[in-house]
Every structure is written in C-alpha cells, then in structure tokens.
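This is upload-v1.txt. It holds compact mmCIF, C-alpha atoms.
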# COMPACT_ATOMS: atom_id res chain seq x y z
CA MET A 9 -23.34 -28.32 3.84
CA GLU A 10 -23.43 -25.86 0.97
CA ALA A 11 -24.05 -22.21 1.73
CA VAL A 12 -26.44 -21.79 -1.19
CA MET A 13 -28.58 -24.50 -2.70
CA THR A 14 -30.19 -24.06 -6.09
CA THR A 15 -32.56 -26.31 -7.98
CA ASN A 16 -31.62 -25.17 -11.45
CA ALA A 17 -27.97 -26.15 -11.66
CA LYS A 18 -27.08 -26.74 -15.28
CA PRO A 19 -24.28 -28.88 -16.66
CA LYS A 20 -21.19 -26.87 -17.49
CA ARG A 21 -21.34 -26.96 -21.26
CA ARG A 22 -20.26 -24.05 -23.37
CA ALA A 23 -22.91 -22.10 -25.25
CA THR A 24 -21.43 -21.83 -28.73
CA ALA A 25 -24.26 -20.84 -31.09
CA TRP A 26 -24.31 -17.19 -29.94
CA ALA A 27 -20.52 -16.95 -30.36
CA VAL A 28 -20.65 -18.28 -33.92
CA LEU A 29 -23.61 -16.00 -34.73
CA GLY A 30 -21.83 -12.98 -33.25
CA LEU A 31 -18.65 -13.71 -35.19
CA VAL A 32 -20.56 -14.21 -38.46
CA PHE A 33 -22.58 -10.97 -38.09
CA GLY A 34 -19.54 -9.04 -36.87
CA THR A 35 -17.40 -10.27 -39.76
CA LEU A 36 -20.14 -9.41 -42.26
CA LEU A 37 -20.56 -5.89 -40.83
CA ILE A 38 -16.80 -5.27 -40.82
CA GLY A 39 -16.53 -6.68 -44.35
CA LEU A 40 -19.21 -4.26 -45.52
CA GLU A 41 -17.34 -1.38 -43.84
CA VAL A 42 -14.15 -2.36 -45.69
CA LYS A 43 -16.10 -2.55 -48.95
CA GLN A 44 -17.25 1.04 -48.34
CA GLY A 45 -13.63 2.10 -48.06
CA ALA A 46 -12.99 2.01 -44.31
CA PRO A 47 -9.27 1.88 -43.40
CA ILE A 48 -7.97 -1.66 -43.02
CA ALA A 49 -6.33 -0.82 -39.67
CA ARG A 50 -9.69 0.32 -38.22
CA ALA A 51 -11.42 -2.78 -39.54
CA ALA A 52 -8.67 -5.02 -38.11
CA GLY A 53 -8.98 -3.25 -34.74
CA GLY A 54 -12.75 -3.76 -34.73
CA MET A 55 -12.33 -7.42 -35.61
CA ALA A 56 -9.73 -7.87 -32.87
CA ILE A 57 -12.07 -6.38 -30.25
CA LEU A 58 -14.94 -8.56 -31.46
CA VAL A 59 -12.88 -11.75 -31.36
CA ALA A 60 -11.34 -10.87 -27.99
CA VAL A 61 -14.71 -10.18 -26.29
CA ILE A 62 -16.51 -13.18 -27.78
CA GLY A 63 -13.48 -15.41 -27.15
CA ALA A 64 -13.11 -14.31 -23.53
CA VAL A 65 -16.80 -14.86 -22.74
CA TRP A 66 -16.78 -18.22 -24.54
CA VAL A 67 -13.64 -19.47 -22.82
CA PHE A 68 -14.52 -18.27 -19.31
CA GLN A 69 -18.20 -19.20 -19.30
CA THR A 70 -17.50 -22.55 -17.62
CA ARG A 71 -15.37 -20.94 -14.90
CA SER A 72 -17.10 -17.63 -14.26
CA GLU A 73 -20.77 -17.25 -13.38
CA THR A 74 -20.74 -13.71 -14.79
CA ALA A 75 -19.32 -14.89 -18.13
CA SER A 76 -21.87 -17.69 -18.17
CA ALA A 77 -24.70 -15.21 -17.65
CA LEU A 78 -23.28 -12.96 -20.37
CA ALA A 79 -23.23 -16.00 -22.68
CA GLY A 80 -26.96 -16.45 -22.03
CA LYS A 81 -26.62 -19.45 -19.70
CA PRO A 82 -27.23 -18.29 -16.12
CA VAL A 83 -26.03 -21.03 -13.79
CA ASP A 84 -28.89 -20.84 -11.29
CA GLU A 85 -32.03 -18.89 -10.25
CA ARG A 86 -29.99 -16.09 -8.71
CA TRP A 87 -28.19 -15.49 -12.00
CA ASP A 88 -31.45 -15.86 -13.90
CA LEU A 89 -32.83 -13.04 -11.79
CA ILE A 90 -29.69 -10.90 -12.18
CA ASN A 91 -29.83 -11.39 -15.95
CA GLU A 92 -33.54 -10.57 -16.09
CA ARG A 93 -33.15 -7.44 -14.00
CA ALA A 94 -30.15 -6.27 -15.99
CA MET A 95 -32.18 -6.68 -19.18
CA ALA A 96 -35.06 -4.74 -17.65
CA VAL A 97 -32.65 -1.92 -16.78
CA ALA A 98 -31.20 -2.03 -20.31
CA THR A 99 -34.70 -1.74 -21.81
CA ALA A 100 -35.55 1.22 -19.60
CA VAL A 101 -32.27 2.95 -20.52
CA GLY A 102 -32.73 2.11 -24.21
CA LEU A 103 -36.26 3.55 -24.12
CA PHE A 104 -34.95 6.65 -22.39
CA ALA A 105 -32.20 6.99 -25.03
CA ALA A 106 -34.69 6.53 -27.88
CA ILE A 107 -37.15 9.08 -26.49
CA GLY A 108 -34.29 11.44 -25.62
CA GLY A 109 -32.89 11.19 -29.14
CA PHE A 110 -36.36 11.77 -30.56
CA VAL A 111 -36.86 14.90 -28.44
CA VAL A 112 -33.39 16.32 -29.20
CA LEU A 113 -33.78 15.85 -32.96
CA GLU A 114 -37.30 17.29 -32.75
CA ILE A 115 -35.91 20.43 -31.12
CA LEU A 116 -33.17 20.63 -33.77
CA GLY A 117 -35.79 20.20 -36.49
CA ARG A 118 -34.15 17.10 -37.92
CA ASP A 119 -35.58 13.80 -39.08
CA ASN A 120 -36.17 11.58 -36.03
CA TRP A 121 -38.17 8.63 -37.31
CA GLN A 122 -35.38 6.16 -36.46
CA PHE A 123 -35.58 7.00 -32.74
CA ALA A 124 -39.38 6.87 -32.92
CA ALA A 125 -39.19 3.42 -34.56
CA MET A 126 -36.88 2.13 -31.82
CA ALA A 127 -39.12 3.49 -29.05
CA LEU A 128 -42.05 1.82 -30.81
CA VAL A 129 -40.21 -1.53 -31.01
CA LEU A 130 -39.24 -1.31 -27.33
CA SER A 131 -42.73 -0.42 -26.11
CA GLY A 132 -44.34 -2.93 -28.51
CA GLY A 133 -42.00 -5.67 -27.28
CA TYR A 134 -42.85 -4.77 -23.70
CA LEU A 135 -46.61 -4.87 -24.29
CA VAL A 136 -46.41 -8.17 -26.19
CA GLY A 137 -44.24 -9.60 -23.40
CA MET A 138 -46.72 -8.42 -20.81
CA ALA A 139 -49.62 -10.10 -22.63
CA TRP A 140 -47.61 -13.28 -23.25
CA TYR A 141 -46.35 -13.75 -19.69
CA ARG A 142 -49.72 -12.84 -18.22
CA TRP A 143 -51.22 -15.64 -20.30
CA ARG A 144 -48.43 -18.09 -19.39
CA MET A 145 -48.08 -17.36 -15.67
CA MET B 4 -50.53 -12.29 0.43
CA SER B 5 -48.46 -9.82 -1.47
CA THR B 6 -45.53 -7.70 -0.50
CA GLY B 7 -45.52 -5.50 -3.60
CA LYS B 8 -45.32 -1.72 -3.38
CA ARG B 9 -48.64 -0.05 -2.55
CA PHE B 10 -49.01 3.67 -2.56
CA THR B 11 -51.92 5.66 -1.24
CA GLY B 12 -54.53 6.91 -3.70
CA LYS B 13 -53.43 10.52 -3.20
CA ARG B 14 -49.79 9.78 -4.12
CA ARG B 15 -50.87 7.82 -7.19
CA TRP B 16 -53.00 10.69 -8.41
CA LEU B 17 -50.11 13.09 -7.76
CA ALA B 18 -47.79 10.88 -9.87
CA THR B 19 -50.37 10.81 -12.70
CA ALA B 20 -50.85 14.57 -12.44
CA ALA B 21 -47.08 15.11 -12.68
CA LYS B 22 -46.89 12.95 -15.83
CA VAL B 23 -49.84 14.77 -17.41
CA ALA B 24 -48.21 18.13 -16.54
CA VAL B 25 -45.02 17.06 -18.36
CA ILE B 26 -47.10 16.01 -21.39
CA VAL B 27 -48.98 19.34 -21.42
CA PHE B 28 -45.65 21.17 -21.27
CA LEU B 29 -44.24 19.12 -24.18
CA ALA B 30 -47.45 19.67 -26.16
CA TRP B 31 -47.12 23.41 -25.63
CA LEU B 32 -43.46 23.22 -26.67
CA TRP B 33 -44.01 21.30 -29.89
CA HIS B 34 -47.65 22.08 -30.71
CA ALA B 35 -48.35 18.37 -31.14
CA TYR B 36 -51.58 18.60 -29.19
CA LEU B 37 -53.40 15.59 -30.61
CA MET B 38 -50.55 13.16 -29.98
CA PHE B 39 -49.94 14.40 -26.46
CA ALA B 40 -53.67 14.47 -25.72
CA MET B 41 -53.80 10.77 -26.62
CA ILE B 42 -50.86 9.99 -24.34
CA GLY B 43 -52.38 12.03 -21.52
CA ALA B 44 -55.77 10.38 -21.97
CA SER B 45 -54.21 6.91 -21.87
CA LEU B 46 -52.37 7.81 -18.66
CA VAL B 47 -55.53 9.09 -17.00
CA GLY B 48 -57.43 6.04 -18.31
CA LEU B 49 -54.84 3.69 -16.83
CA ARG B 50 -54.97 5.57 -13.54
CA VAL B 51 -58.76 5.26 -13.41
CA LEU B 52 -58.54 1.53 -14.17
CA MET B 53 -55.66 1.02 -11.75
CA SER B 54 -57.74 -0.08 -8.77
CA LYS B 55 -59.76 -2.51 -10.92
CA SER B 56 -57.12 -3.93 -13.23
CA GLU B 57 -53.83 -5.50 -12.15
CA MET B 58 -52.46 -5.02 -15.67
CA ALA B 59 -53.24 -1.29 -15.65
CA SER B 60 -51.46 -1.02 -12.33
CA THR B 61 -48.41 -2.83 -13.72
CA LEU B 62 -48.38 -0.67 -16.85
CA LEU B 63 -48.18 2.36 -14.57
CA GLY B 64 -45.14 0.81 -12.88
CA LEU B 65 -46.87 -0.46 -9.75
CA PRO B 66 -47.23 -4.26 -9.93
CA VAL B 67 -49.69 -5.40 -7.27
CA ASP B 68 -47.77 -8.51 -6.19
CA GLU B 69 -44.73 -10.72 -6.91
CA ARG B 70 -46.43 -12.48 -9.82
CA TRP B 71 -47.05 -9.18 -11.59
CA ALA B 72 -43.58 -7.95 -10.68
CA SER B 73 -42.16 -11.07 -12.35
CA ILE B 74 -44.41 -10.63 -15.42
CA ASN B 75 -43.27 -7.00 -15.63
CA ALA B 76 -39.55 -7.89 -15.36
CA ARG B 77 -39.87 -10.63 -17.98
CA ALA B 78 -41.75 -8.33 -20.36
CA TRP B 79 -38.96 -5.73 -20.03
CA ALA B 80 -36.36 -8.46 -20.67
CA LEU B 81 -38.24 -9.64 -23.76
CA ALA B 82 -38.41 -6.06 -25.07
CA ALA B 83 -34.60 -5.80 -24.67
CA GLN B 84 -34.08 -8.96 -26.71
CA VAL B 85 -36.50 -7.87 -29.43
CA VAL B 86 -34.96 -4.42 -29.80
CA PHE B 87 -31.45 -5.86 -29.78
CA ALA B 88 -32.37 -8.19 -32.67
CA VAL B 89 -33.95 -5.26 -34.53
CA LEU B 90 -30.84 -3.12 -33.93
CA VAL B 91 -28.52 -5.80 -35.31
CA PHE B 92 -30.78 -6.15 -38.36
CA ALA B 93 -30.91 -2.35 -38.84
CA LEU B 94 -27.11 -2.08 -38.60
CA PHE B 95 -26.67 -4.91 -41.08
CA LEU B 96 -29.25 -3.41 -43.46
CA GLY B 97 -27.63 0.03 -43.13
CA ALA B 98 -24.15 -1.31 -43.89
CA THR B 99 -25.51 -3.22 -46.91
CA LEU B 100 -27.29 -0.14 -48.28
CA GLU B 101 -24.26 2.07 -47.68
CA ALA B 102 -22.08 -0.45 -49.53
CA GLN B 103 -24.43 -0.09 -52.50
CA GLY B 104 -24.18 3.68 -52.39
CA ILE B 105 -27.56 4.36 -50.76
CA HIS B 106 -27.32 6.81 -47.86
CA TRP B 107 -28.36 5.36 -44.49
CA ASP B 108 -27.58 7.00 -41.17
CA SER B 109 -26.81 4.29 -38.61
CA THR B 110 -25.93 6.70 -35.78
CA PRO B 111 -29.31 6.49 -33.96
CA TYR B 112 -29.11 2.68 -33.92
CA LEU B 113 -25.52 2.75 -32.70
CA LEU B 114 -26.39 5.19 -29.92
CA VAL B 115 -29.37 3.23 -28.65
CA GLY B 116 -27.45 -0.05 -29.04
CA ALA B 117 -24.55 1.34 -27.02
CA ALA B 118 -26.96 2.58 -24.32
CA LEU B 119 -28.61 -0.85 -24.17
CA ALA B 120 -25.33 -2.78 -24.01
CA THR B 121 -23.79 -0.48 -21.41
CA ALA B 122 -26.91 -0.55 -19.25
CA TYR B 123 -27.05 -4.36 -19.50
CA LEU B 124 -23.43 -4.80 -18.47
CA GLY B 125 -23.84 -2.21 -15.72
CA GLY B 126 -27.00 -3.97 -14.56
CA VAL B 127 -25.26 -7.35 -14.39
CA LEU B 128 -22.43 -5.89 -12.31
CA TRP B 129 -24.79 -3.90 -10.10
CA TYR B 130 -27.19 -6.75 -9.32
CA ARG B 131 -24.30 -9.20 -8.93
CA TRP B 132 -22.89 -6.88 -6.28
CA ARG B 133 -26.27 -6.31 -4.60
CA GLN B 134 -27.53 -9.90 -4.52
Could you render the structure from this file as structure tokens?
Amino acid sequence: MEAVMTTNAKPKRRATAWAVLGLVFGTLLIGLEVKQGAPIARAAGGMAILVAVIGAVWVFQTRSETASALAGKPVDERWDLINERAMAVATAVGLFAAIGGFVVLEILGRDNWQFAAMALVLSGGYLVGMAWYRWRM
Amino acid sequence: MSTGKRFTGKRRWLATAAKVAVIVFLAWLWHAYLMFAMIGASLVGLRVLMSKSEMASTLLGLPVDERWASINARAWALAAQVVFAVLVFALFLGATLEAQGIHWDSTPYLLVGAALATAYLGGVLWYRWRQ
C-alpha cells in the first residue's frame, strides 16, 4: 500500500514551452545588452547561468518533484498547494518590495512611479483574481 | 462548518485602528492627506462591512472559511503571475529603449523581480519542508 495517494497524478512528460520561451527572452535581453556595449564576458556569463538553470530544471523535472513544480507542472495536489502558497508568499514580498521602494524614493525625493506601477499591477492582479475565483468557485 | 481563523470583534477593531494609525503617520510625514484619507476610509469601510461580507473579510486578510482561503491564495498566485509577465515585458522594453539610446532605468523592475523570484523559491523550499 502506498503511503500517500493522490488523484491528480500526471504523466511524466517534460514541460518544454516555458524553457524555450525563457531561452528566447533571455537571449534577446542579453543580445540587447551586448548591443548597448556590455562586455562580452559578462554577457557570456549571464547566458551560461540562464542555460544552466533552465537546462537543470528541464532535465530534472521528470525525476524531481521540486524541479517539476518549478517547471510549472506540480505532480499532485500537495505540490499544487506548495506552488500556490509559494506564489502567494512571492506576491506578498513583491508588494512589500514595491511599496518599500516607493516609500524610500519618496523620502529621497526621487521619481518613484515605477514602484507605484508595480504595486498597482500586483494589487490589481489580486483583486481581479479574487473576483474571478469567487465567480468560478 | 469552517475552521478558518476567527478573531473577536475587539481584536479586529484594534488591527484596523493600528493600520489607520500607520496611515495617519505616513500622511503627516508626506503631507499626502487626500490619498491617505482614501486608504484609511477604505480600510474602515472594509472593517464595517466585514461581518456582512465574506469578500470584505478576505480583503482584510481574514478569510471566513476554507473556500475563501483557497480563493485568496489563488488570487495571490494569479497576481504573482501577472506581475512577473509585466516585469519581463518592462525589462525587455527597457533594454530595447536603452539600445536605441533612450534612457530607461530598469533597477526598480530588477529589484522587485529579484524579490519575487527569491520569495517564490524560498516559499517552495519552506512549504516543501513543512508539508
């Protein structure tokens, strides 16, 4: 008998779209940095980190539940919940960082609209999510 | 039956009063009275509606039951995904503008993005360890 039984076991197929998207965006960003005159060594280092992280998560996602969750394919309800809670924590920390940045720049008398915009996107996303899931659940 | 957190009315009012006190202090500090008055009024309004509306209660961080706790967690998760997409777009836009010689400061986006990513990874490790 298994110790834990789940009803949402998914076939072990690799999620590839996110990896391709990440590599494309990362390469474009690094390419733009090089175009601006960034040192080639720094750009190569950035590219190596990007490829290593995406490659490791992509390769290990069929063997490791953590890697699978990081790749956006939680293997069961427990990992769904872990992923959801981790995202909720990230949003709270991101909101705190955005408001903190806004306050610090306000005190320094500098332009802070970028932090305000991010706080607005975070709180707007939260309110839309609240309305959407209330309607759906 | 619900097993969600329920605080007494007195403690809820104390929490609202503490938030309003912080807002009054910030308003005094920055002289942005109108903006902070609106925030304070919305907090008090939510607190008044709290006993009648489950959504108001959730918006104040006190979901009344598991269903609302789940709605709250999913809404937070959606907000993380939306802001992450916006951050990637902002970084890409900034790099494009910089490449064309237009000044664009990407530091705020990088800072918030780093905070989000670190908190997400930390959250995965933490909840993996706890559950």
> How many Å lie between CA of Ala79 (chain A) and CA of Val32 (chain A), rounded to one decimal?
Replying inline: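 Computing the Euclidean distance for CA of Ala79 (chain A) and CA of Val32 (chain A) yields 16.1 Å.
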> Given a cut-off of 7 Å, which residues of chain A touch chain B, counting all atoms listed in the file, written out as a VMD selection string?
Replying inline: chain A and resid 37 40 to 41 43 to 44 90 to 99 101 to 102 105 to 106 122 to 123 129 to 130 133 to 134 137 to 138 141 to 142
>> What does the structure give for the distance between CA of Trp16 (chain B) and CA of Asp68 (chain B), in Å to one decimal?
In response: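 It comes out at 20.0 Å.
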>> Report, in Å with one decimal, the straight-line distance from CA of Leu46 (chain B) to CA of Lys22 (chain B).
In response: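 Separating CA of Leu46 (chain B) from CA of Lys22 (chain B) is a distance of 8.0 Å.
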Any chance you could build region 48-63 of chain A out to N, CA and C atoms and write it as a compact mmCIF listing (two decimals), keeping the file's coordinate frame?
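See selection.txt below for the written result:
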# COMPACT_ATOMS: atom_id res chain seq x y z
N ILE A 48 -8.17 -0.27 -43.42
CA ILE A 48 -7.97 -1.66 -43.02
C ILE A 48 -7.58 -1.76 -41.54
N ALA A 49 -6.78 -0.78 -41.07
CA ALA A 49 -6.33 -0.82 -39.67
C ALA A 49 -7.53 -0.72 -38.73
N ARG A 50 -8.50 0.16 -39.07
CA ARG A 50 -9.69 0.32 -38.22
C ARG A 50 -10.52 -0.97 -38.23
N ALA A 51 -10.66 -1.54 -39.42
CA ALA A 51 -11.42 -2.78 -39.54
C ALA A 51 -10.74 -3.90 -38.75
N ALA A 52 -9.41 -3.97 -38.84
CA ALA A 52 -8.67 -5.02 -38.11
C ALA A 52 -8.82 -4.81 -36.60
N GLY A 53 -8.79 -3.55 -36.17
CA GLY A 53 -8.98 -3.25 -34.74
C GLY A 53 -10.35 -3.68 -34.28
N GLY A 54 -11.37 -3.37 -35.06
CA GLY A 54 -12.75 -3.76 -34.73
C GLY A 54 -12.88 -5.27 -34.64
N MET A 55 -12.27 -5.95 -35.59
CA MET A 55 -12.33 -7.42 -35.61
C MET A 55 -11.62 -8.00 -34.39
N ALA A 56 -10.48 -7.38 -34.03
CA ALA A 56 -9.73 -7.87 -32.87
C ALA A 56 -10.55 -7.73 -31.59
N ILE A 57 -11.23 -6.59 -31.44
CA ILE A 57 -12.07 -6.38 -30.25
C ILE A 57 -13.19 -7.41 -30.21
N LEU A 58 -13.83 -7.60 -31.37
CA LEU A 58 -14.94 -8.56 -31.46
C LEU A 58 -14.49 -9.96 -31.06
N VAL A 59 -13.38 -10.40 -31.64
CA VAL A 59 -12.88 -11.75 -31.36
C VAL A 59 -12.45 -11.87 -29.89
N ALA A 60 -11.82 -10.82 -29.37
CA ALA A 60 -11.34 -10.87 -27.99
C ALA A 60 -12.52 -10.98 -27.02
N VAL A 61 -13.57 -10.17 -27.22
CA VAL A 61 -14.71 -10.18 -26.29
C VAL A 61 -15.45 -11.51 -26.39
N ILE A 62 -15.77 -11.92 -27.61
CA ILE A 62 -16.51 -13.18 -27.78
C ILE A 62 -15.66 -14.36 -27.27
N GLY A 63 -14.37 -14.33 -27.60
CA GLY A 63 -13.48 -15.41 -27.15
C GLY A 63 -13.39 -15.47 -25.65
